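A.B. asks: Got a file for you: target-v7.cif, mmCIF, C-alpha atoms.
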```
data_coords
#
loop_
_atom_site.label_atom_id
_atom_site.label_comp_id
_atom_site.auth_asym_id
_atom_site.auth_seq_id
_atom_site.Cartn_x
_atom_site.Cartn_y
_atom_site.Cartn_z
CA MET Q 1 -21.71 -24.64 9.28
CA LEU Q 2 -18.18 -23.22 9.14
CA SER Q 3 -16.62 -26.66 8.70
CA LYS Q 4 -19.00 -27.30 5.82
CA LEU Q 5 -18.06 -23.96 4.28
CA ILE Q 6 -14.35 -24.79 4.56
CA ARG Q 7 -14.79 -28.34 3.20
CA HIS Q 8 -16.50 -26.89 0.16
CA GLY Q 9 -14.45 -23.69 0.20
CA LYS Q 10 -13.26 -24.01 -3.36
CA LEU Q 11 -16.78 -24.26 -4.78
CA TYR Q 12 -18.01 -21.49 -2.50
CA ARG Q 13 -15.23 -19.13 -3.53
CA ILE Q 14 -15.69 -19.72 -7.25
CA GLN Q 15 -19.45 -19.15 -7.11
CA ASN Q 16 -19.10 -16.10 -4.87
CA ILE Q 17 -16.34 -14.58 -6.97
CA ARG Q 18 -18.22 -15.05 -10.25
CA SER Q 19 -21.42 -13.60 -8.87
CA SER Q 20 -19.58 -10.57 -7.53
CA VAL Q 21 -18.28 -9.68 -10.97
CA ILE Q 22 -21.71 -10.00 -12.57
CA ASN Q 23 -23.80 -8.25 -9.94
CA THR Q 24 -22.66 -5.62 -7.46
CA SER Q 25 -25.53 -5.46 -5.02
CA LYS Q 26 -26.01 -3.44 -1.86
CA ILE Q 27 -24.57 -5.31 1.11
CA ASP Q 28 -25.56 -3.10 4.00
CA GLY Q 29 -28.57 -0.84 3.85
CA ASN Q 30 -26.70 1.74 5.92
CA ILE Q 31 -23.85 2.08 3.40
CA ARG Q 32 -24.15 4.20 0.29
CA PHE Q 33 -21.10 4.73 -1.86
CA ASP Q 34 -22.63 7.79 -3.50
CA SER Q 35 -23.31 9.79 -0.34
CA MET Q 36 -21.72 13.23 -0.74
CA SER Q 37 -22.44 14.22 2.84
CA ALA Q 38 -20.72 11.13 4.24
CA ALA Q 39 -17.76 11.29 1.87
CA TYR Q 40 -17.05 15.01 1.65
CA GLY Q 41 -18.71 16.60 4.67
CA TYR Q 42 -15.31 17.16 6.27
CA LYS Q 43 -13.96 19.15 3.29
CA SER Q 44 -14.15 22.89 2.73
CA LYS Q 45 -15.41 24.41 -0.52
CA TYR Q 46 -11.84 25.17 -1.49
CA GLU Q 47 -10.79 21.54 -0.91
CA LEU Q 48 -13.73 20.29 -2.96
CA PHE Q 49 -12.77 22.55 -5.86
CA ARG Q 50 -9.12 21.52 -5.60
CA GLY Q 51 -10.11 17.85 -5.59
CA TRP Q 52 -12.29 18.24 -8.68
CA PHE Q 53 -9.58 20.23 -10.47
CA VAL Q 54 -6.80 17.75 -9.65
CA PHE Q 55 -8.83 14.75 -10.79
CA LYS Q 56 -9.73 16.59 -13.97
CA LEU Q 57 -6.04 17.25 -14.67
CA CYS Q 58 -5.11 13.63 -13.90
CA SER Q 59 -7.71 12.38 -16.37
CA TYR Q 60 -5.53 13.65 -19.23
CA THR Q 61 -3.16 10.77 -19.95
CA SER Q 62 -0.75 12.91 -21.97
CA LEU Q 63 -0.28 15.26 -19.01
CA VAL Q 64 0.34 12.37 -16.62
CA ASN Q 65 2.83 10.76 -19.01
CA TYR Q 66 4.96 13.91 -19.12
CA LEU Q 67 4.32 15.02 -15.54
CA SER Q 68 7.94 14.79 -14.37
CA GLN Q 69 9.18 16.92 -17.30
CA PHE Q 70 6.36 19.42 -16.73
CA ILE Q 71 7.27 19.70 -13.04
CA ASP Q 72 10.98 20.20 -13.79
CA VAL Q 73 10.29 22.97 -16.32
CA SER Q 74 7.76 24.66 -14.02
CA ARG Q 75 10.20 24.65 -11.11
CA ARG Q 76 12.91 26.32 -13.19
CA ILE Q 77 10.60 28.96 -14.69
CA LEU Q 78 8.54 29.83 -11.61
CA GLY Q 79 11.17 29.67 -8.91
CA ARG Q 80 10.93 27.68 -5.68
CA SER Q 81 8.47 29.83 -3.74
CA LEU Q 82 5.81 30.22 -6.46
CA PHE Q 83 6.25 26.63 -7.63
CA GLU Q 84 5.70 25.21 -4.12
CA SER Q 85 2.67 27.44 -3.66
CA ILE Q 86 1.12 26.04 -6.85
CA MET Q 87 1.94 22.46 -5.81
CA ARG Q 88 0.23 23.00 -2.45
CA SER Q 89 -2.82 24.22 -4.35
CA THR Q 90 -2.89 21.20 -6.64
CA LEU Q 91 -1.20 17.76 -6.58
CA TYR Q 92 0.72 18.00 -3.32
CA GLY Q 93 -2.13 19.65 -1.45
CA HIS Q 94 -4.65 17.03 -2.52
CA PHE Q 95 -2.62 13.80 -2.22
CA VAL Q 96 -0.20 14.67 0.62
CA ALA Q 97 -1.21 15.41 4.20
CA GLY Q 98 1.58 17.90 4.95
CA THR Q 99 5.28 18.31 5.55
CA ASP Q 100 5.56 17.30 9.21
CA LYS Q 101 3.72 16.31 12.37
CA THR Q 102 2.50 19.86 12.99
CA GLU Q 103 0.66 19.92 9.66
CA LEU Q 104 -0.64 16.39 10.20
CA GLU Q 105 -2.31 17.09 13.55
CA PRO Q 106 -5.41 18.98 12.30
CA ILE Q 107 -5.95 16.42 9.52
CA VAL Q 108 -5.73 13.52 11.96
CA GLU Q 109 -8.26 15.24 14.21
CA ARG Q 110 -10.68 15.99 11.35
CA LEU Q 111 -10.58 12.39 10.14
CA ARG Q 112 -10.87 11.00 13.66
CA LYS Q 113 -14.18 12.82 14.09
CA HIS Q 114 -15.47 10.78 11.12
CA GLY Q 115 -14.03 7.48 12.38
CA VAL Q 116 -11.24 7.36 9.78
CA LYS Q 117 -7.70 6.45 10.88
CA LEU Q 118 -4.37 7.19 9.21
CA ILE Q 119 -1.52 4.98 8.03
CA LEU Q 120 1.49 7.30 8.04
CA ASP Q 121 4.04 6.97 5.25
CA TYR Q 122 7.08 9.25 5.29
CA SER Q 123 7.72 8.39 1.67
CA MET Q 124 11.20 7.11 0.83
CA GLU Q 125 12.16 4.68 -1.95
CA THR Q 126 14.66 4.07 -4.76
CA ASP Q 127 14.88 1.94 -7.89
CA VAL Q 128 17.64 0.11 -9.71
CA ALA Q 129 20.33 2.46 -10.99
CA SER Q 130 23.77 2.04 -12.48
CA ALA Q 131 26.25 0.23 -10.25
CA HIS Q 132 27.58 2.41 -7.46
CA PRO Q 133 31.35 2.87 -7.25
CA GLN Q 134 32.84 1.37 -4.10
CA THR Q 135 33.83 4.87 -2.96
CA MET Q 136 30.12 5.72 -2.72
CA ILE Q 137 29.18 2.92 -0.32
CA GLN Q 138 29.87 4.95 2.82
CA SER Q 139 27.81 7.93 1.66
CA ASN Q 140 25.00 5.60 0.61
CA GLU Q 141 25.13 3.99 4.04
CA GLU Q 142 24.76 7.40 5.63
CA ILE Q 143 21.67 8.07 3.52
CA TYR Q 144 20.10 4.75 4.53
CA ASN Q 145 20.87 5.42 8.19
CA GLU Q 146 19.25 8.84 7.90
CA ASN Q 147 16.20 7.15 6.36
CA MET Q 148 16.08 4.78 9.32
CA VAL Q 149 16.10 7.72 11.73
CA LYS Q 150 13.27 9.36 9.77
CA SER Q 151 11.29 6.12 9.91
CA LEU Q 152 11.80 5.90 13.67
CA LYS Q 153 10.50 9.45 14.02
CA ASN Q 154 7.54 8.51 11.81
CA VAL Q 155 6.69 5.64 14.17
CA GLN Q 156 6.92 7.99 17.13
CA SER Q 157 4.77 10.62 15.41
CA ALA Q 158 2.14 8.02 14.51
CA SER Q 159 2.00 6.88 18.12
CA GLU Q 160 1.64 10.43 19.41
CA LEU Q 161 -1.10 11.21 16.90
CA SER Q 162 -3.05 7.94 16.91
CA GLY Q 163 -2.09 6.00 20.05
CA PRO Q 164 -2.47 2.19 19.95
CA SER Q 165 -4.20 2.34 16.54
CA ALA Q 166 -1.02 3.77 14.96
CA VAL Q 167 0.02 2.20 11.67
CA THR Q 168 3.05 3.18 9.60
CA ALA Q 169 4.43 2.05 6.25
CA ILE Q 170 7.92 1.65 4.79
CA LYS Q 171 9.60 0.48 1.59
CA ILE Q 172 12.69 -1.72 1.87
CA THR Q 173 14.41 0.15 -0.99
CA ALA Q 174 14.76 3.16 1.33
CA PHE Q 175 17.32 1.26 3.40
CA VAL Q 176 19.64 -0.54 1.00
CA SER Q 177 21.20 -0.15 -2.42
CA PRO Q 178 18.62 -1.30 -5.00
CA ASP Q 179 21.41 -3.03 -6.93
CA THR Q 180 22.38 -5.06 -3.87
CA LEU Q 181 18.74 -5.87 -3.17
CA GLN Q 182 18.30 -7.07 -6.74
CA LYS Q 183 21.29 -9.40 -6.34
CA LEU Q 184 19.86 -10.70 -3.08
CA ASN Q 185 16.58 -11.31 -4.86
CA GLN Q 186 18.37 -13.41 -7.48
CA VAL Q 187 19.99 -15.49 -4.75
CA VAL Q 188 16.65 -16.16 -3.02
CA GLU Q 189 14.96 -17.08 -6.31
CA GLN Q 190 17.78 -19.46 -7.21
CA GLN Q 191 17.50 -21.13 -3.79
CA SER Q 192 13.72 -21.15 -3.52
CA SER Q 193 13.68 -24.48 -1.63
CA ASN Q 194 16.41 -23.36 0.79
CA LYS Q 195 15.03 -22.90 4.32
CA ASP Q 196 18.07 -20.97 5.57
CA SER Q 197 17.69 -17.39 6.77
CA LEU Q 198 18.01 -14.54 4.33
CA PHE Q 199 21.42 -13.54 5.65
CA LYS Q 200 22.72 -17.09 5.59
CA GLN Q 201 21.64 -17.49 1.98
CA ALA Q 202 23.44 -14.24 1.15
CA SER Q 203 26.54 -15.46 2.98
CA ASN Q 204 26.74 -18.74 1.07
CA THR Q 205 26.87 -17.46 -2.49
CA THR Q 206 29.53 -16.05 -4.77
CA LEU Q 207 27.00 -13.71 -6.37
CA ILE Q 208 27.24 -11.32 -3.41
CA ASN Q 209 30.61 -9.82 -2.51
CA LYS Q 210 31.91 -8.84 0.91
CA ASN Q 211 30.80 -5.20 0.75
CA GLU Q 212 27.33 -6.18 -0.44
CA LEU Q 213 27.04 -8.69 2.40
CA ILE Q 214 27.82 -5.89 4.84
CA GLU Q 215 25.09 -3.79 3.19
CA ILE Q 216 22.61 -6.65 3.63
CA GLU Q 217 23.58 -7.08 7.27
CA HIS Q 218 23.04 -3.35 7.85
CA LEU Q 219 19.68 -3.52 6.04
CA LEU Q 220 18.48 -6.27 8.36
CA GLN Q 221 19.68 -4.32 11.39
CA ARG Q 222 17.87 -1.16 10.25
CA ILE Q 223 14.56 -2.91 9.58
CA ASP Q 224 14.77 -4.78 12.88
CA ARG Q 225 15.40 -1.53 14.72
CA ILE Q 226 12.32 0.05 13.10
CA VAL Q 227 10.10 -2.92 13.98
CA GLN Q 228 11.39 -2.83 17.56
CA GLU Q 229 10.27 0.80 17.74
CA VAL Q 230 6.84 -0.14 16.38
CA LYS Q 231 6.53 -2.87 19.02
CA LYS Q 232 7.62 -0.46 21.74
CA HIS Q 233 4.75 1.89 20.81
CA ARG Q 234 2.27 -1.00 20.39
CA GLY Q 235 1.69 -0.09 16.77
CA ARG Q 236 1.68 -1.93 13.44
CA ILE Q 237 3.77 -1.55 10.30
CA PHE Q 238 3.14 -2.23 6.62
CA ILE Q 239 6.13 -3.32 4.57
CA ASP Q 240 5.16 -2.45 1.03
CA ALA Q 241 5.62 -4.69 -1.98
CA GLU Q 242 7.84 -3.42 -4.78
CA GLN Q 243 9.00 -4.55 -8.22
CA SER Q 244 9.32 -8.29 -8.90
CA TYR Q 245 13.11 -8.04 -9.16
CA PHE Q 246 13.11 -7.03 -5.46
CA GLN Q 247 9.98 -8.71 -4.17
CA THR Q 248 11.07 -12.33 -3.54
CA ALA Q 249 13.81 -11.12 -1.18
CA ILE Q 250 11.49 -8.57 0.45
CA HIS Q 251 8.84 -11.24 0.97
CA LYS Q 252 11.29 -13.60 2.66
CA LEU Q 253 12.56 -10.77 4.88
CA VAL Q 254 9.03 -9.88 5.98
CA LEU Q 255 8.17 -13.51 6.74
CA GLU Q 256 11.24 -13.75 8.96
CA LEU Q 257 10.17 -10.58 10.77
CA GLN Q 258 6.65 -11.94 11.20
CA GLU Q 259 7.98 -15.21 12.61
CA SER Q 260 10.00 -13.20 15.15
CA TYR Q 261 7.54 -10.45 16.09
CA ASN Q 262 4.02 -11.74 15.33
CA ARG Q 263 3.83 -14.26 18.14
CA ASP Q 264 1.56 -12.58 20.68
CA GLN Q 265 0.18 -9.80 18.50
CA LEU Q 266 0.15 -8.74 14.85
CA ILE Q 267 2.84 -6.10 14.35
CA VAL Q 268 4.28 -6.71 10.87
CA TYR Q 269 2.10 -6.73 7.74
CA ASN Q 270 3.16 -8.13 4.38
CA THR Q 271 1.83 -6.73 1.09
CA TYR Q 272 0.51 -9.11 -1.56
CA GLN Q 273 0.20 -7.90 -5.17
CA CYS Q 274 -2.75 -9.69 -6.71
CA TYR Q 275 -1.77 -8.81 -10.27
CA ARG Q 276 1.11 -11.28 -9.95
CA LYS Q 277 0.41 -14.82 -11.12
CA ILE Q 278 2.17 -16.40 -8.12
CA THR Q 279 0.29 -14.48 -5.43
CA LEU Q 280 -2.55 -16.87 -4.63
CA ASP Q 281 -0.21 -19.84 -4.23
CA LEU Q 282 2.13 -17.67 -2.16
CA ILE Q 283 -0.66 -16.67 0.23
CA ARG Q 284 -1.74 -20.29 0.71
CA LYS Q 285 1.85 -21.34 1.34
CA ASP Q 286 2.34 -18.54 3.89
CA LEU Q 287 -0.90 -19.39 5.69
CA LEU Q 288 0.27 -22.98 6.04
CA GLN Q 289 3.73 -21.95 7.24
CA ALA Q 290 2.26 -19.58 9.82
CA LYS Q 291 -0.05 -22.25 11.23
CA GLU Q 292 2.72 -24.84 11.35
CA ASN Q 293 5.21 -22.50 13.04
CA GLY Q 294 2.82 -20.63 15.31
CA PHE Q 295 3.17 -17.03 14.16
CA GLY Q 296 0.68 -14.52 12.79
CA ILE Q 297 0.42 -12.75 9.45
CA GLY Q 298 -1.01 -9.35 8.76
CA PHE Q 299 -2.10 -9.24 5.11
CA LYS Q 300 -2.36 -6.12 3.00
CA LEU Q 301 -4.04 -7.00 -0.30
CA VAL Q 302 -3.40 -4.73 -3.28
CA ARG Q 303 -3.78 -5.17 -7.01
CA GLY Q 304 -0.31 -3.79 -7.76
CA ALA Q 305 1.30 -0.59 -8.99
CA TYR Q 306 4.13 -1.54 -11.35
CA MET Q 307 2.29 -3.26 -14.19
CA ASP Q 308 3.71 -1.20 -17.07
CA GLN Q 309 7.24 -1.52 -15.72
CA GLU Q 310 6.93 -5.27 -15.15
CA ARG Q 311 5.56 -5.97 -18.63
CA LYS Q 312 8.18 -3.80 -20.33
CA ARG Q 313 10.94 -5.56 -18.44
CA ALA Q 314 9.58 -9.01 -19.33
CA ILE Q 315 9.65 -8.07 -23.02
CA GLU Q 316 13.17 -6.66 -22.82
CA LEU Q 317 14.52 -9.76 -21.06
CA SER Q 318 12.39 -12.21 -23.10
CA THR Q 319 11.01 -13.72 -19.90
CA ASP Q 320 7.47 -14.74 -18.93
CA ASP Q 321 5.18 -11.88 -18.02
CA PRO Q 322 4.69 -12.16 -14.21
CA ILE Q 323 1.40 -10.25 -14.36
CA HIS Q 324 -2.09 -11.59 -14.94
CA PRO Q 325 -3.26 -10.94 -18.52
CA ASN Q 326 -6.15 -8.62 -17.66
CA PHE Q 327 -8.06 -6.80 -14.94
CA PRO Q 328 -10.79 -9.45 -14.41
CA THR Q 329 -8.17 -12.14 -13.80
CA THR Q 330 -6.42 -9.91 -11.28
CA THR Q 331 -9.75 -9.23 -9.59
CA GLU Q 332 -10.49 -12.95 -9.38
CA CYS Q 333 -7.10 -13.48 -7.74
CA TYR Q 334 -7.81 -10.67 -5.27
CA HIS Q 335 -11.22 -12.07 -4.34
CA ARG Q 336 -9.96 -15.64 -3.98
CA ALA Q 337 -7.11 -14.41 -1.79
CA PHE Q 338 -9.53 -12.49 0.43
CA CYS Q 339 -11.72 -15.58 0.86
CA ASP Q 340 -8.76 -17.78 1.76
CA ILE Q 341 -7.46 -15.31 4.33
CA LEU Q 342 -10.86 -14.64 5.86
CA GLU Q 343 -11.61 -18.36 6.21
CA ASN Q 344 -8.37 -18.78 8.16
CA ALA Q 345 -8.88 -15.59 10.18
CA LYS Q 346 -12.35 -16.79 11.16
CA ILE Q 347 -10.80 -19.90 12.72
CA ASN Q 348 -7.67 -18.14 14.07
CA PRO Q 349 -8.78 -14.55 14.82
CA LYS Q 350 -5.62 -13.62 16.73
CA GLN Q 351 -3.33 -15.05 14.09
CA PHE Q 352 -4.54 -13.46 10.85
CA HIS Q 353 -5.89 -10.08 9.80
CA VAL Q 354 -6.45 -8.57 6.36
CA PHE Q 355 -6.49 -5.04 4.97
CA VAL Q 356 -8.56 -4.62 1.82
CA ALA Q 357 -6.38 -1.92 0.24
CA SER Q 358 -8.44 -1.25 -2.86
CA HIS Q 359 -9.97 1.69 -4.72
CA ASN Q 360 -12.30 -0.64 -6.58
CA GLU Q 361 -15.91 -0.36 -5.45
CA ASN Q 362 -16.74 -3.85 -6.70
CA THR Q 363 -13.97 -5.35 -4.59
CA VAL Q 364 -15.04 -3.45 -1.48
CA GLU Q 365 -18.61 -4.64 -1.93
CA PHE Q 366 -17.37 -8.17 -2.55
CA ALA Q 367 -15.48 -8.04 0.75
CA LEU Q 368 -18.59 -6.82 2.59
CA LYS Q 369 -20.73 -9.49 0.96
CA THR Q 370 -18.24 -12.22 1.84
CA MET Q 371 -18.03 -11.00 5.44
CA ASN Q 372 -21.82 -11.15 5.66
CA GLU Q 373 -22.04 -14.66 4.17
CA MET Q 374 -19.29 -15.93 6.48
CA ASN Q 375 -20.94 -14.23 9.48
CA VAL Q 376 -17.94 -11.99 10.14
CA LYS Q 377 -19.08 -8.86 11.96
CA ARG Q 378 -17.68 -5.41 11.26
CA ASP Q 379 -16.30 -5.21 14.81
CA ASP Q 380 -14.78 -8.71 14.90
CA GLY Q 381 -11.35 -7.22 14.17
CA LEU Q 382 -10.59 -9.46 11.19
CA VAL Q 383 -10.92 -7.02 8.28
CA ALA Q 384 -9.97 -3.39 7.65
CA PHE Q 385 -10.26 -1.18 4.58
CA ALA Q 386 -7.72 1.31 3.25
CA THR Q 387 -7.46 3.81 0.40
CA LEU Q 388 -4.87 6.42 -0.51
CA PHE Q 389 -5.20 9.89 0.98
CA GLY Q 390 -7.04 12.06 -1.54
CA MET Q 391 -8.70 9.16 -3.35
CA CYS Q 392 -12.03 7.36 -3.01
CA ASP Q 393 -13.36 9.17 0.03
CA TYR Q 394 -16.77 7.95 -1.16
CA LEU Q 395 -15.64 4.44 -0.10
CA THR Q 396 -13.67 5.16 3.07
CA PHE Q 397 -15.95 7.58 4.91
CA PRO Q 398 -19.23 5.66 4.49
CA LEU Q 399 -17.45 2.50 5.66
CA ALA Q 400 -16.18 4.31 8.76
CA ALA Q 401 -19.61 5.81 9.40
CA ALA Q 402 -21.12 2.31 9.30
CA GLY Q 403 -18.64 1.07 11.92
CA TYR Q 404 -16.06 -0.66 9.73
CA ASP Q 405 -12.34 -0.24 10.35
CA ALA Q 406 -11.36 2.33 7.71
CA TYR Q 407 -7.97 3.93 7.03
CA LYS Q 408 -6.29 6.43 4.75
CA LEU Q 409 -2.75 5.58 3.63
CA THR Q 410 -1.22 9.01 4.07
CA PRO Q 411 2.09 10.17 2.62
CA TYR Q 412 3.73 13.23 4.11
CA GLY Q 413 7.05 15.03 3.95
CA PRO Q 414 8.82 17.95 2.24
CA ILE Q 415 7.57 18.91 -1.21
CA ASP Q 416 10.91 18.19 -2.91
CA ARG Q 417 10.92 14.66 -1.49
CA LEU Q 418 7.29 13.97 -2.33
CA LEU Q 419 7.27 15.22 -5.94
CA PRO Q 420 9.01 12.10 -7.31
CA TYR Q 421 6.54 10.03 -5.26
CA LEU Q 422 3.57 11.92 -6.72
CA THR Q 423 4.91 11.59 -10.25
CA ARG Q 424 5.43 7.84 -9.92
CA ARG Q 425 2.05 7.30 -8.31
CA ALA Q 426 0.28 9.33 -10.99
CA GLN Q 427 1.97 7.35 -13.76
CA GLU Q 428 1.55 3.98 -12.05
CA ASN Q 429 -2.14 4.71 -11.50
CA ARG Q 430 -2.85 6.50 -14.80
CA ALA Q 431 -5.60 3.99 -15.59
CA ILE Q 432 -7.26 4.67 -12.23
CA PHE Q 433 -7.06 8.41 -12.73
CA ALA Q 434 -8.38 8.19 -16.28
CA LYS Q 435 -11.41 6.29 -14.96
CA ALA Q 436 -11.86 8.29 -11.75
CA GLU Q 437 -15.05 9.76 -13.12
CA LYS Q 438 -16.95 9.09 -9.92
CA ASP Q 439 -14.39 10.92 -7.78
CA ARG Q 440 -14.53 13.91 -10.14
CA ARG Q 441 -18.31 13.86 -10.39
CA LEU Q 442 -18.92 13.62 -6.65
CA HIS Q 443 -16.41 16.38 -5.90
CA TYR Q 444 -18.20 18.61 -8.39
CA GLN Q 445 -21.68 17.74 -7.09
CA ALA Q 446 -20.64 18.24 -3.47
CA LEU Q 447 -19.11 21.61 -4.35
CA LYS Q 448 -22.23 22.68 -6.28
CA GLN Q 449 -24.47 21.58 -3.40
CA ARG Q 450 -22.32 23.48 -0.91
CA MET Q 451 -22.36 26.64 -3.06
CA ASN Q 452 -26.15 26.50 -3.43
CA LYS Q 453 -26.56 26.28 0.34
CA SER Q 454 -24.40 29.35 0.86
#
```
Here is the file; what I need is its structure written in the form of structure tokens.

C.D. replies:
Amino acid sequence: MLSKLIRHGKLYRIQNIRSSVINTSKIDGNIRFDSMSAAYGYKSKYELFRGWFVFKLCSYTSLVNYLSQFIDVSRRILGRSLFESIMRSTLYGHFVAGTDKTELEPIVERLRKHGVKLILDYSMETDVASAHPQTMIQSNEEIYNENMVKSLKNVQSASELSGPSAVTAIKITAFVSPDTLQKLNQVVEQQSSNKDSLFKQASNTTLINKNELIEIEHLLQRIDRIVQEVKKHRGRIFIDAEQSYFQTAIHKLVLELQESYNRDQLIVYNTYQCYRKITLDLIRKDLLQAKENGFGIGFKLVRGAYMDQERKRAIELSTDDPIHPNFPTTTECYHRAFCDILENAKINPKQFHVFVASHNENTVEFALKTMNEMNVKRDDGLVAFATLFGMCDYLTFPLAAAGYDAYKLTPYGPIDRLLPYLTRRAQENRAIFAKAEKDRRLHYQALKQRMNKS
């Protein structure tokens, strides 16, 4: 039956994908994505009110657009203490799990009781800036080394809190100058057919100077050190996707790490942005490479978070838009990618695994439907589901209650460090927030129900 499914995989995927867009039916009678008790039973009345209030604020596009300016003005007027207190009662308190391991512990325990696991992200990232003077390289290197140490501590904290199920996440731009990474990306794109290692490609080009080559070497050493720590604690690590002007180099780096570390177990996960036109072909190419070379791939499927930035840049540079033209096309790419990965994971269960990292209810139900049609059980260890902390509990908690592998991607860290993260995420996901009517409605209904009982 499976061989027949694979032989006719293309037809199967097209029919299944099209039907999923037209009709979102119940997949499992035990799962309801409107169950307030399953989704919000772990929250206090205060947390329910805060959640409703935050989603209501985020539904105003004008507020989200000027959020960074609003935060800066508020900080200056209110002073640090009052400002941080307000942030803990609103954005930071809802979307961030805490400042350190001590604040994480009770949250981990509360979620564990409901079968939900955490992916810990000590959020650190940068974007392209003006060229750094050579005198700044040493101080930048110190910052990147400090970020490495923080990431190592994050891995250790995740292990202490979650044991063998520990998962952490990093962004490559936390460990190297974004300008150097952009140059490296250009080199890799220009030598797309070159099979040499990332460092060798960087060494054999005039585009990268001696100091930048040293930066790249240090980047590779830092990332390798972090992955070694993950392996030591028997955990897993997500390496997040970033903007397209970084992503080709990041993708090649992650594949090299997977070829080194994902031999006996899946340790390193790559992130695939399904709003990019190249993603489906890239996934199929990577699946083939992994099977030919005998290593495993952990897949994290996302739609993508930098759409506005990518389109604006394409217009400014008069280049082709790298993003699919609309949401349905992106969804079709996501669903096709999931089918391809699951077909391969079904045959090679120790070699491939996929995280459905989506806040879209239709996509989650599509994944469940596809698992059912391909006879993949919830405890087969081939598929997991993940949403951001503070979002779409109505998806994550019912999935966990029904026995599926369900996670919350959980940022934590000092308020000052997380505010830029929150601002970017709010602006990148403004369309999600504007349409988060179900999150707002269920928070309100759960709060009203709780108040009536008391």

A.B. asks: Can you pull out the residues contacting stretch 354-366 of chain Q? Cut-off 7 Å, using only C-alpha atoms, and skip same-chain residues under 3 positions away; I want them as a count of residues only.

C.D. replies: 17

A.B. asks: Q:Lys200, Q:Lys195, Q:His218, Q:Arg50: which is nearest Q:Ser177, counting only C-alpha atoms?

C.D. replies: Q:His218

A.B. asks: Written as a compact mmCIF listing (two decimals) with C-alpha atoms, in the frame of the given file, what is the full residue list that the PyMOL selection byres ((chain Q and resi 322-324) around 7) yields on the file shown?

C.D. replies:
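Saved to part.txt:
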```txt
# COMPACT_ATOMS: atom_id res chain seq x y z
CA TYR Q 275 -1.77 -8.81 -10.27
CA ARG Q 276 1.11 -11.28 -9.95
CA LYS Q 277 0.41 -14.82 -11.12
CA ASP Q 320 7.47 -14.74 -18.93
CA ASP Q 321 5.18 -11.88 -18.02
CA PRO Q 325 -3.26 -10.94 -18.52
CA ASN Q 326 -6.15 -8.62 -17.66
CA THR Q 329 -8.17 -12.14 -13.80
CA THR Q 330 -6.42 -9.91 -11.28
```

A.B. asks: Considering only C-alpha atoms, state which residue in the set Q:Lys252, Q:Arg313, Q:Lys117, Q:Lys346 is at the smallest distance from Q:Thr168.

C.D. replies: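 That would be Q:Lys117, the residue with the smallest distance to Q:Thr168.
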
A.B. asks: Quick one: everything within 9 Å of Q:Leu280, counting all atoms listed in the file, minus sequence neighbours fewer than 5 positions away in the same chain. Send it as a count of residues only.

C.D. replies: 8

A.B. asks: Can you list, as an MDAnalysis selection string, the residues that the PyMOL selection byres ((chain Q and resi 142-148) around 8) selects here?

C.D. replies: chainID Q and resid 124 138:141 149:152 174:176 222:223 226

A.B. asks: Next, write the just-selected residues to a file, as a JSON list (two decimals), keeping the file's coordinate frame, keeping C-alpha atoms as the atom set.

C.D. replies:
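Heads up, here's the output in selection.json:
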```json
[["chain", "number", "residue", "atom", "x", "y", "z"],
["Q", 124, "MET", "CA", 11.20, 7.11, 0.83],
["Q", 138, "GLN", "CA", 29.87, 4.95, 2.82],
["Q", 139, "SER", "CA", 27.81, 7.93, 1.66],
["Q", 140, "ASN", "CA", 25.00, 5.60, 0.61],
["Q", 141, "GLU", "CA", 25.13, 3.99, 4.04],
["Q", 149, "VAL", "CA", 16.10, 7.72, 11.73],
["Q", 150, "LYS", "CA", 13.27, 9.36, 9.77],
["Q", 151, "SER", "CA", 11.29, 6.12, 9.91],
["Q", 152, "LEU", "CA", 11.80, 5.90, 13.67],
["Q", 174, "ALA", "CA", 14.76, 3.16, 1.33],
["Q", 175, "PHE", "CA", 17.32, 1.26, 3.40],
["Q", 176, "VAL", "CA", 19.64, -0.54, 1.00],
["Q", 222, "ARG", "CA", 17.87, -1.16, 10.25],
["Q", 223, "ILE", "CA", 14.56, -2.91, 9.58],
["Q", 226, "ILE", "CA", 12.32, 0.05, 13.10]]
```

A.B. asks: For atom CA of Q:Ala39 and atom CA of Q:Asp393, determine how far apart the two atoms are, in Å to one decimal place.

C.D. replies: 5.2 Å

A.B. asks: Identify all residues satisfying the PyMOL selection byres ((chain Q and resi 170) around 6) in the given file; provide them as a VMD selection string.

C.D. replies: chain Q and resid 169 171 239

A.B. asks: Pull stretch 381-395 of chain Q out of the block and emit C-alpha atoms, as a JSON list (two decimals), in the first residue's frame.

C.D. replies:
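To be explicit, this is the file written out as part.json:
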```
[["chain", "number", "residue", "atom", "x", "y", "z"],
["Q", 381, "GLY", "CA", 7.77, 9.70, 16.74],
["Q", 382, "LEU", "CA", 7.69, 11.13, 13.21],
["Q", 383, "VAL", "CA", 5.73, 14.37, 13.73],
["Q", 384, "ALA", "CA", 5.61, 17.07, 16.40],
["Q", 385, "PHE", "CA", 3.66, 20.32, 16.64],
["Q", 386, "ALA", "CA", 4.91, 23.69, 17.89],
["Q", 387, "THR", "CA", 3.48, 27.17, 18.46],
["Q", 388, "LEU", "CA", 4.91, 30.30, 20.04],
["Q", 389, "PHE", "CA", 4.52, 30.78, 23.77],
["Q", 390, "GLY", "CA", 1.44, 32.92, 24.35],
["Q", 391, "MET", "CA", -0.20, 32.07, 21.03],
["Q", 392, "CYS", "CA", -2.68, 29.43, 19.87],
["Q", 393, "ASP", "CA", -3.00, 27.48, 23.10],
["Q", 394, "TYR", "CA", -6.28, 26.23, 21.62],
["Q", 395, "LEU", "CA", -4.15, 24.20, 19.17]]
```
